[in-house]
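Structure file work24.cif with mmCIF, N, CA, C and O atoms:
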```cif
data_final
#
loop_
_atom_site.group_PDB
_atom_site.id
_atom_site.type_symbol
_atom_site.label_atom_id
_atom_site.label_comp_id
_atom_site.auth_asym_id
_atom_site.auth_seq_id
_atom_site.Cartn_x
_atom_site.Cartn_y
_atom_site.Cartn_z
ATOM 1 N N MET A 1 -4.972 10.724 -1.893
ATOM 2 C CA MET A 1 -5.031 10.501 -0.467
ATOM 3 C C MET A 1 -5.223 9.008 -0.215
ATOM 4 O O MET A 1 -5.997 8.352 -0.895
ATOM 5 N N ASP A 2 -4.541 8.474 0.781
ATOM 6 C CA ASP A 2 -4.642 7.052 1.093
ATOM 7 C C ASP A 2 -5.988 6.725 1.715
ATOM 8 O O ASP A 2 -6.536 7.496 2.497
ATOM 9 N N GLU A 3 -6.501 5.567 1.345
ATOM 10 C CA GLU A 3 -7.754 5.099 1.917
ATOM 11 C C GLU A 3 -7.472 4.397 3.237
ATOM 12 O O GLU A 3 -6.483 3.682 3.371
ATOM 13 N N ILE A 4 -8.343 4.624 4.191
ATOM 14 C CA ILE A 4 -8.214 3.933 5.473
ATOM 15 C C ILE A 4 -8.908 2.590 5.340
ATOM 16 O O ILE A 4 -10.062 2.518 4.933
ATOM 17 N N GLN A 5 -8.192 1.550 5.678
ATOM 18 C CA GLN A 5 -8.787 0.226 5.593
ATOM 19 C C GLN A 5 -9.137 -0.252 6.995
ATOM 20 O O GLN A 5 -8.315 -0.194 7.912
ATOM 21 N N MET A 6 -10.377 -0.708 7.134
ATOM 22 C CA MET A 6 -10.829 -1.227 8.410
ATOM 23 C C MET A 6 -10.370 -2.675 8.538
ATOM 24 O O MET A 6 -10.489 -3.453 7.598
ATOM 25 N N LYS A 7 -9.859 -2.986 9.686
ATOM 26 C CA LYS A 7 -9.405 -4.336 9.935
ATOM 27 C C LYS A 7 -10.327 -4.939 10.997
ATOM 28 O O LYS A 7 -10.600 -4.301 12.010
ATOM 29 N N PRO A 8 -10.841 -6.134 10.761
ATOM 30 C CA PRO A 8 -11.748 -6.714 11.755
ATOM 31 C C PRO A 8 -11.031 -6.931 13.085
ATOM 32 O O PRO A 8 -9.857 -7.288 13.124
ATOM 33 N N LEU A 9 -11.779 -6.687 14.140
ATOM 34 C CA LEU A 9 -11.245 -6.871 15.480
ATOM 35 C C LEU A 9 -11.524 -8.304 15.906
ATOM 36 O O LEU A 9 -12.671 -8.756 15.840
ATOM 37 N N GLU A 10 -10.519 -8.990 16.303
ATOM 38 C CA GLU A 10 -10.692 -10.372 16.719
ATOM 39 C C GLU A 10 -10.499 -10.460 18.227
ATOM 40 O O GLU A 10 -9.492 -10.024 18.766
ATOM 41 N N LEU A 11 -11.512 -11.012 18.886
ATOM 42 C CA LEU A 11 -11.474 -11.168 20.331
ATOM 43 C C LEU A 11 -11.530 -12.656 20.677
ATOM 44 O O LEU A 11 -12.237 -13.414 20.022
ATOM 45 N N ASN A 12 -10.812 -13.007 21.726
ATOM 46 C CA ASN A 12 -10.977 -14.380 22.180
ATOM 47 C C ASN A 12 -12.251 -14.450 23.027
ATOM 48 O O ASN A 12 -12.895 -13.426 23.290
ATOM 49 N N LYS A 13 -12.638 -15.626 23.436
ATOM 50 C CA LYS A 13 -13.906 -15.811 24.148
ATOM 51 C C LYS A 13 -13.964 -14.975 25.426
ATOM 52 O O LYS A 13 -14.972 -14.325 25.712
ATOM 53 N N GLN A 14 -12.894 -14.956 26.192
ATOM 54 C CA GLN A 14 -12.869 -14.198 27.449
ATOM 55 C C GLN A 14 -13.006 -12.697 27.183
ATOM 56 O O GLN A 14 -13.763 -12.010 27.858
ATOM 57 N N GLN A 15 -12.299 -12.185 26.197
ATOM 58 C CA GLN A 15 -12.382 -10.765 25.855
ATOM 59 C C GLN A 15 -13.798 -10.407 25.409
ATOM 60 O O GLN A 15 -14.332 -9.370 25.793
ATOM 61 N N PHE A 16 -14.401 -11.283 24.589
ATOM 62 C CA PHE A 16 -15.760 -11.035 24.125
ATOM 63 C C PHE A 16 -16.735 -10.994 25.299
ATOM 64 O O PHE A 16 -17.593 -10.117 25.375
ATOM 65 N N GLU A 17 -16.624 -11.928 26.216
ATOM 66 C CA GLU A 17 -17.525 -11.984 27.371
ATOM 67 C C GLU A 17 -17.365 -10.753 28.265
ATOM 68 O O GLU A 17 -18.352 -10.219 28.772
ATOM 69 N N GLU A 18 -16.126 -10.299 28.445
ATOM 70 C CA GLU A 18 -15.871 -9.088 29.238
ATOM 71 C C GLU A 18 -16.502 -7.865 28.572
ATOM 72 O O GLU A 18 -17.143 -7.045 29.220
ATOM 73 N N LEU A 19 -16.318 -7.754 27.268
ATOM 74 C CA LEU A 19 -16.894 -6.641 26.520
ATOM 75 C C LEU A 19 -18.417 -6.691 26.581
ATOM 76 O O LEU A 19 -19.075 -5.679 26.827
ATOM 77 N N GLN A 20 -18.976 -7.852 26.396
ATOM 78 C CA GLN A 20 -20.426 -8.018 26.436
ATOM 79 C C GLN A 20 -20.976 -7.640 27.817
ATOM 80 O O GLN A 20 -21.994 -6.953 27.922
ATOM 81 N N LYS A 21 -20.288 -8.033 28.874
ATOM 82 C CA LYS A 21 -20.715 -7.705 30.234
ATOM 83 C C LYS A 21 -20.664 -6.194 30.472
ATOM 84 O O LYS A 21 -21.588 -5.614 31.026
ATOM 85 N N SER A 22 -19.619 -5.551 30.001
ATOM 86 C CA SER A 22 -19.483 -4.098 30.165
ATOM 87 C C SER A 22 -20.566 -3.340 29.414
ATOM 88 O O SER A 22 -21.150 -2.389 29.926
ATOM 89 N N VAL A 23 -20.831 -3.762 28.191
ATOM 90 C CA VAL A 23 -21.860 -3.092 27.386
ATOM 91 C C VAL A 23 -23.232 -3.296 28.012
ATOM 92 O O VAL A 23 -24.019 -2.358 28.132
ATOM 93 N N THR A 24 -23.524 -4.506 28.453
ATOM 94 C CA THR A 24 -24.814 -4.794 29.081
ATOM 95 C C THR A 24 -24.992 -3.956 30.339
ATOM 96 O O THR A 24 -26.067 -3.389 30.571
ATOM 97 N N LYS A 25 -23.946 -3.843 31.130
ATOM 98 C CA LYS A 25 -24.018 -3.041 32.359
ATOM 99 C C LYS A 25 -24.272 -1.569 32.032
ATOM 100 O O LYS A 25 -25.113 -0.918 32.650
ATOM 101 N N ALA A 26 -23.577 -1.039 31.046
ATOM 102 C CA ALA A 26 -23.737 0.369 30.676
ATOM 103 C C ALA A 26 -25.131 0.651 30.140
ATOM 104 O O ALA A 26 -25.736 1.668 30.460
ATOM 105 N N VAL A 27 -25.652 -0.255 29.339
ATOM 106 C CA VAL A 27 -26.959 -0.046 28.730
ATOM 107 C C VAL A 27 -28.082 -0.195 29.756
ATOM 108 O O VAL A 27 -29.089 0.489 29.691
ATOM 109 N N SER A 28 -27.896 -1.073 30.730
ATOM 110 C CA SER A 28 -28.970 -1.346 31.689
ATOM 111 C C SER A 28 -28.965 -0.385 32.883
ATOM 112 O O SER A 28 -29.830 -0.476 33.742
ATOM 113 N N ARG A 29 -28.028 0.515 32.936
ATOM 114 C CA ARG A 29 -27.981 1.481 34.048
ATOM 115 C C ARG A 29 -29.227 2.345 34.063
ATOM 116 O O ARG A 29 -29.802 2.668 33.035
ATOM 117 N N GLN A 30 -29.596 2.743 35.258
ATOM 118 C CA GLN A 30 -30.674 3.709 35.432
ATOM 119 C C GLN A 30 -30.003 5.077 35.529
ATOM 120 O O GLN A 30 -29.382 5.380 36.542
ATOM 121 N N TRP A 31 -30.090 5.852 34.496
ATOM 122 C CA TRP A 31 -29.435 7.161 34.477
ATOM 123 C C TRP A 31 -30.367 8.242 34.993
ATOM 124 O O TRP A 31 -31.577 8.176 34.802
ATOM 125 N N LEU A 32 -29.798 9.245 35.634
ATOM 126 C CA LEU A 32 -30.531 10.428 36.075
ATOM 127 C C LEU A 32 -30.009 11.624 35.296
ATOM 128 O O LEU A 32 -28.814 11.724 35.018
ATOM 129 N N ARG A 33 -30.901 12.535 34.981
ATOM 130 C CA ARG A 33 -30.501 13.807 34.381
ATOM 131 C C ARG A 33 -30.353 14.824 35.503
ATOM 132 O O ARG A 33 -30.795 14.595 36.628
ATOM 133 N N THR A 34 -29.757 15.952 35.201
ATOM 134 C CA THR A 34 -29.560 16.997 36.206
ATOM 135 C C THR A 34 -30.883 17.391 36.854
ATOM 136 O O THR A 34 -30.952 17.570 38.072
ATOM 137 N N LYS A 35 -31.938 17.477 36.072
ATOM 138 C CA LYS A 35 -33.247 17.874 36.607
ATOM 139 C C LYS A 35 -33.827 16.834 37.560
ATOM 140 O O LYS A 35 -34.716 17.139 38.347
ATOM 141 N N ASP A 36 -33.328 15.585 37.520
ATOM 142 C CA ASP A 36 -33.808 14.523 38.404
ATOM 143 C C ASP A 36 -33.116 14.510 39.766
ATOM 144 O O ASP A 36 -33.605 13.871 40.702
ATOM 145 N N LEU A 37 -31.976 15.171 39.871
ATOM 146 C CA LEU A 37 -31.185 15.112 41.098
ATOM 147 C C LEU A 37 -31.917 15.622 42.342
ATOM 148 O O LEU A 37 -31.844 14.973 43.387
ATOM 149 N N PRO A 38 -32.606 16.770 42.280
ATOM 150 C CA PRO A 38 -33.281 17.236 43.508
ATOM 151 C C PRO A 38 -34.269 16.210 44.066
ATOM 152 O O PRO A 38 -34.318 15.998 45.283
ATOM 153 N N ASN A 39 -35.011 15.562 43.206
ATOM 154 C CA ASN A 39 -35.958 14.552 43.667
ATOM 155 C C ASN A 39 -35.220 13.338 44.227
ATOM 156 O O ASN A 39 -35.581 12.811 45.284
ATOM 157 N N TYR A 40 -34.185 12.887 43.537
ATOM 158 C CA TYR A 40 -33.426 11.710 43.973
ATOM 159 C C TYR A 40 -32.734 11.951 45.311
ATOM 160 O O TYR A 40 -32.747 11.083 46.186
ATOM 161 N N LEU A 41 -32.144 13.137 45.478
ATOM 162 C CA LEU A 41 -31.385 13.441 46.696
ATOM 163 C C LEU A 41 -32.214 14.117 47.787
ATOM 164 O O LEU A 41 -31.704 14.347 48.882
ATOM 165 N N SER A 42 -33.460 14.444 47.465
ATOM 166 C CA SER A 42 -34.333 15.171 48.410
ATOM 167 C C SER A 42 -33.674 16.462 48.879
ATOM 168 O O SER A 42 -33.620 16.771 50.071
ATOM 169 N N MET A 43 -33.124 17.189 47.930
ATOM 170 C CA MET A 43 -32.457 18.464 48.196
ATOM 171 C C MET A 43 -32.852 19.454 47.114
ATOM 172 O O MET A 43 -33.147 19.052 45.989
ATOM 173 N N ALA A 44 -32.806 20.712 47.466
ATOM 174 C CA ALA A 44 -33.050 21.759 46.470
ATOM 175 C C ALA A 44 -31.896 21.781 45.465
ATOM 176 O O ALA A 44 -30.750 21.456 45.805
ATOM 177 N N ASP A 45 -32.203 22.180 44.247
ATOM 178 C CA ASP A 45 -31.194 22.275 43.197
ATOM 179 C C ASP A 45 -30.027 23.164 43.631
ATOM 180 O O ASP A 45 -28.864 22.828 43.423
ATOM 181 N N SER A 46 -30.342 24.293 44.265
ATOM 182 C CA SER A 46 -29.283 25.212 44.708
ATOM 183 C C SER A 46 -28.401 24.572 45.779
ATOM 184 O O SER A 46 -27.190 24.790 45.815
ATOM 185 N N THR A 47 -28.981 23.756 46.646
ATOM 186 C CA THR A 47 -28.205 23.061 47.689
ATOM 187 C C THR A 47 -27.244 22.067 47.055
ATOM 188 O O THR A 47 -26.090 21.957 47.470
ATOM 189 N N ILE A 48 -27.720 21.370 46.046
ATOM 190 C CA ILE A 48 -26.862 20.409 45.347
ATOM 191 C C ILE A 48 -25.697 21.132 44.679
ATOM 192 O O ILE A 48 -24.546 20.726 44.811
ATOM 193 N N ARG A 49 -25.997 22.221 43.970
ATOM 194 C CA ARG A 49 -24.933 22.975 43.278
ATOM 195 C C ARG A 49 -23.911 23.537 44.258
ATOM 196 O O ARG A 49 -22.712 23.528 43.985
ATOM 197 N N GLU A 50 -24.378 24.018 45.416
ATOM 198 C CA GLU A 50 -23.466 24.630 46.387
ATOM 199 C C GLU A 50 -22.654 23.600 47.161
ATOM 200 O O GLU A 50 -21.470 23.821 47.444
ATOM 201 N N ASN A 51 -23.268 22.490 47.534
ATOM 202 C CA ASN A 51 -22.614 21.533 48.423
ATOM 203 C C ASN A 51 -22.048 20.293 47.748
ATOM 204 O O ASN A 51 -21.209 19.608 48.326
ATOM 205 N N LEU A 52 -22.497 20.004 46.544
ATOM 206 C CA LEU A 52 -22.016 18.815 45.836
ATOM 207 C C LEU A 52 -21.637 19.152 44.391
ATOM 208 O O LEU A 52 -22.096 18.504 43.451
ATOM 209 N N PRO A 53 -20.783 20.159 44.204
ATOM 210 C CA PRO A 53 -20.456 20.563 42.826
ATOM 211 C C PRO A 53 -19.635 19.515 42.074
ATOM 212 O O PRO A 53 -19.559 19.550 40.850
ATOM 213 N N ASP A 54 -19.028 18.589 42.803
ATOM 214 C CA ASP A 54 -18.151 17.611 42.158
ATOM 215 C C ASP A 54 -18.772 16.215 42.080
ATOM 216 O O ASP A 54 -18.065 15.212 42.067
ATOM 217 N N LEU A 55 -20.108 16.149 41.995
ATOM 218 C CA LEU A 55 -20.766 14.853 41.805
ATOM 219 C C LEU A 55 -20.254 14.207 40.519
ATOM 220 O O LEU A 55 -20.090 14.883 39.507
ATOM 221 N N PRO A 56 -20.011 12.909 40.546
ATOM 222 C CA PRO A 56 -19.545 12.241 39.322
ATOM 223 C C PRO A 56 -20.659 12.192 38.275
ATOM 224 O O PRO A 56 -21.824 11.973 38.613
ATOM 225 N N PHE A 57 -20.297 12.426 37.034
ATOM 226 C CA PHE A 57 -21.267 12.388 35.949
ATOM 227 C C PHE A 57 -20.598 11.892 34.677
ATOM 228 O O PHE A 57 -19.374 11.787 34.604
ATOM 229 N N HIS A 58 -21.421 11.590 33.690
ATOM 230 C CA HIS A 58 -20.952 11.154 32.379
ATOM 231 C C HIS A 58 -21.657 12.029 31.354
ATOM 232 O O HIS A 58 -22.814 12.392 31.533
ATOM 233 N N ILE A 59 -20.971 12.371 30.290
ATOM 234 C CA ILE A 59 -21.608 13.129 29.217
ATOM 235 C C ILE A 59 -21.852 12.160 28.068
ATOM 236 O O ILE A 59 -20.929 11.540 27.556
ATOM 237 N N VAL A 60 -23.120 12.030 27.718
ATOM 238 C CA VAL A 60 -23.526 11.138 26.632
ATOM 239 C C VAL A 60 -24.330 11.965 25.645
ATOM 240 O O VAL A 60 -25.372 12.511 26.007
ATOM 241 N N GLY A 61 -23.834 12.097 24.456
ATOM 242 C CA GLY A 61 -24.530 12.884 23.444
ATOM 243 C C GLY A 61 -24.749 14.322 23.863
ATOM 244 O O GLY A 61 -25.756 14.926 23.536
ATOM 245 N N GLY A 62 -23.815 14.875 24.620
ATOM 246 C CA GLY A 62 -23.914 16.263 25.057
ATOM 247 C C GLY A 62 -24.797 16.466 26.282
ATOM 248 O O GLY A 62 -24.999 17.589 26.714
ATOM 249 N N THR A 63 -25.322 15.384 26.862
ATOM 250 C CA THR A 63 -26.189 15.479 28.034
ATOM 251 C C THR A 63 -25.466 14.924 29.258
ATOM 252 O O THR A 63 -24.879 13.847 29.194
ATOM 253 N N LYS A 64 -25.523 15.664 30.363
ATOM 254 C CA LYS A 64 -24.936 15.198 31.614
ATOM 255 C C LYS A 64 -25.856 14.138 32.212
ATOM 256 O O LYS A 64 -27.032 14.386 32.446
ATOM 257 N N LEU A 65 -25.308 12.954 32.451
ATOM 258 C CA LEU A 65 -26.066 11.874 33.070
ATOM 259 C C LEU A 65 -25.360 11.411 34.336
ATOM 260 O O LEU A 65 -24.125 11.378 34.400
ATOM 261 N N TYR A 66 -26.161 11.068 35.321
ATOM 262 C CA TYR A 66 -25.647 10.641 36.619
ATOM 263 C C TYR A 66 -26.087 9.214 36.893
ATOM 264 O O TYR A 66 -27.237 8.855 36.668
ATOM 265 N N ASP A 67 -25.177 8.418 37.416
ATOM 266 C CA ASP A 67 -25.470 7.046 37.808
ATOM 267 C C ASP A 67 -25.822 7.076 39.305
ATOM 268 O O ASP A 67 -24.991 7.484 40.121
ATOM 269 N N PRO A 68 -27.042 6.665 39.679
ATOM 270 C CA PRO A 68 -27.435 6.715 41.091
ATOM 271 C C PRO A 68 -26.456 5.978 42.013
ATOM 272 O O PRO A 68 -26.180 6.450 43.118
ATOM 273 N N GLN A 69 -25.923 4.849 41.567
ATOM 274 C CA GLN A 69 -24.970 4.103 42.400
ATOM 275 C C GLN A 69 -23.707 4.921 42.635
ATOM 276 O O GLN A 69 -23.184 4.960 43.751
ATOM 277 N N GLU A 70 -23.219 5.598 41.613
ATOM 278 C CA GLU A 70 -22.028 6.436 41.765
ATOM 279 C C GLU A 70 -22.312 7.607 42.708
ATOM 280 O O GLU A 70 -21.450 8.003 43.492
ATOM 281 N N ILE A 71 -23.514 8.177 42.607
ATOM 282 C CA ILE A 71 -23.888 9.287 43.502
ATOM 283 C C ILE A 71 -23.917 8.790 44.941
ATOM 284 O O ILE A 71 -23.369 9.433 45.837
ATOM 285 N N ASP A 72 -24.559 7.644 45.172
ATOM 286 C CA ASP A 72 -24.638 7.086 46.524
ATOM 287 C C ASP A 72 -23.247 6.819 47.084
ATOM 288 O O ASP A 72 -22.955 7.164 48.236
ATOM 289 N N ASP A 73 -22.383 6.211 46.275
ATOM 290 C CA ASP A 73 -21.012 5.919 46.717
ATOM 291 C C ASP A 73 -20.251 7.205 47.010
ATOM 292 O O ASP A 73 -19.528 7.306 48.010
ATOM 293 N N PHE A 74 -20.418 8.207 46.155
ATOM 294 C CA PHE A 74 -19.734 9.488 46.328
ATOM 295 C C PHE A 74 -20.135 10.134 47.651
ATOM 296 O O PHE A 74 -19.290 10.584 48.428
ATOM 297 N N ILE A 75 -21.435 10.178 47.914
ATOM 298 C CA ILE A 75 -21.923 10.814 49.145
ATOM 299 C C ILE A 75 -21.502 10.000 50.361
ATOM 300 O O ILE A 75 -21.098 10.576 51.390
ATOM 301 N N ARG A 76 -21.565 8.695 50.271
ATOM 302 C CA ARG A 76 -21.172 7.832 51.376
ATOM 303 C C ARG A 76 -19.698 8.024 51.738
ATOM 304 O O ARG A 76 -19.323 7.970 52.909
ATOM 305 N N ASN A 77 -18.865 8.284 50.746
ATOM 306 C CA ASN A 77 -17.418 8.417 50.972
ATOM 307 C C ASN A 77 -16.950 9.849 51.141
ATOM 308 O O ASN A 77 -15.759 10.099 51.274
ATOM 309 N N LYS A 78 -17.852 10.804 51.096
ATOM 310 C CA LYS A 78 -17.476 12.224 51.202
ATOM 311 C C LYS A 78 -17.126 12.573 52.622
ATOM 312 O O LYS A 78 -17.663 12.172 53.571
#
```

The structure given in the file should be rewritten as structure tokens.
Amino acid sequence: MDEIQMKPLELNKQQFEELQKSVTKAVSRQWLRTKDLPNYLSMADSTIRENLPDLPFHIVGGTKLYDPQEIDDFIRNK
């Protein structure tokens, strides 16, 4: 079987800075779990499930995480 050879990724300065900014933003986010939503939205869990079933979320390591800014934008634009 052929061996897979890893090739180093070369980025120019602008690409590196963009990547660094994206990673920093993702890591510094304040994430909410599903259990945090009722407190954040001041709504009962059942109300959230019935009226906002399509809230934007991200799955990280098998856990649903919500970005408060995305939730605010979603509700503002609904």

Between atom C of Trp31 (chain A) and atom C of Asp67 (chain A) - distance in Å to one decimal: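 Between atom C of Asp67 (chain A) and atom C of Trp31 (chain A) the gap is 6.4 Å.
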
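The two atoms in question, atom C of Leu52 (chain A) and atom O of Lys25 (chain A), are spaced 23.5 Å apart.
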
Taking only chain A into account, list the residues labelled helix (DSSP H, G or I) by DSSP (computed from the backbone), as a PyMOL selection string. chain A and resi 13-28+34-41+45-51+68-77

Quick one: DSSP strand (DSSP E) residues in region 39-69 of chain A, as a list in words? His58, Ile59, Val60, Thr63, Lys64, Leu65 and Tyr66 of chain A

Out of A:Gln5, A:Thr34, A:Asn12, A:Ser46, which residue has the shortest atom-to-atom distance to Thr63 (chain A) when counting all atoms listed in the file?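 Of all the options, A:Thr34 lies closest to Thr63 (chain A).
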
Using only N, CA, C and O atoms, which residue out of A:Pro56, A:Lys64, A:Asp45, A:Ile71 lies closest to Leu32 (chain A)? A:Lys64

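Of note, atom C of Phe74 (chain A) and atom C of Arg33 (chain A) are spaced 16.6 Å apart.
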
Name the residues, using the chain letters and numbers of the file, that sit within 12 Å of (-21.9, 1.1, 32.2) when counting only C-alpha atoms, and give them as a PyMOL selection string. chain A and resi 19-31+57-58+60+65-70

Per-axis box centre and lengths in Å around region 39-51 of chain A, 4 Å margin per side, axis-aligned, as AutoDock Vina command-line options:
```
--center_x -28.6 --center_y 18.1 --center_z 46.6 --size_x 22.7 --size_y 22.1 --size_z 14.9
```

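Using only C-alpha atoms for every distance, the candidate list A:Leu55, A:Tyr40, A:Met6, A:Thr47 yields A:Leu55 as the residue closest to Asn77 (chain A).
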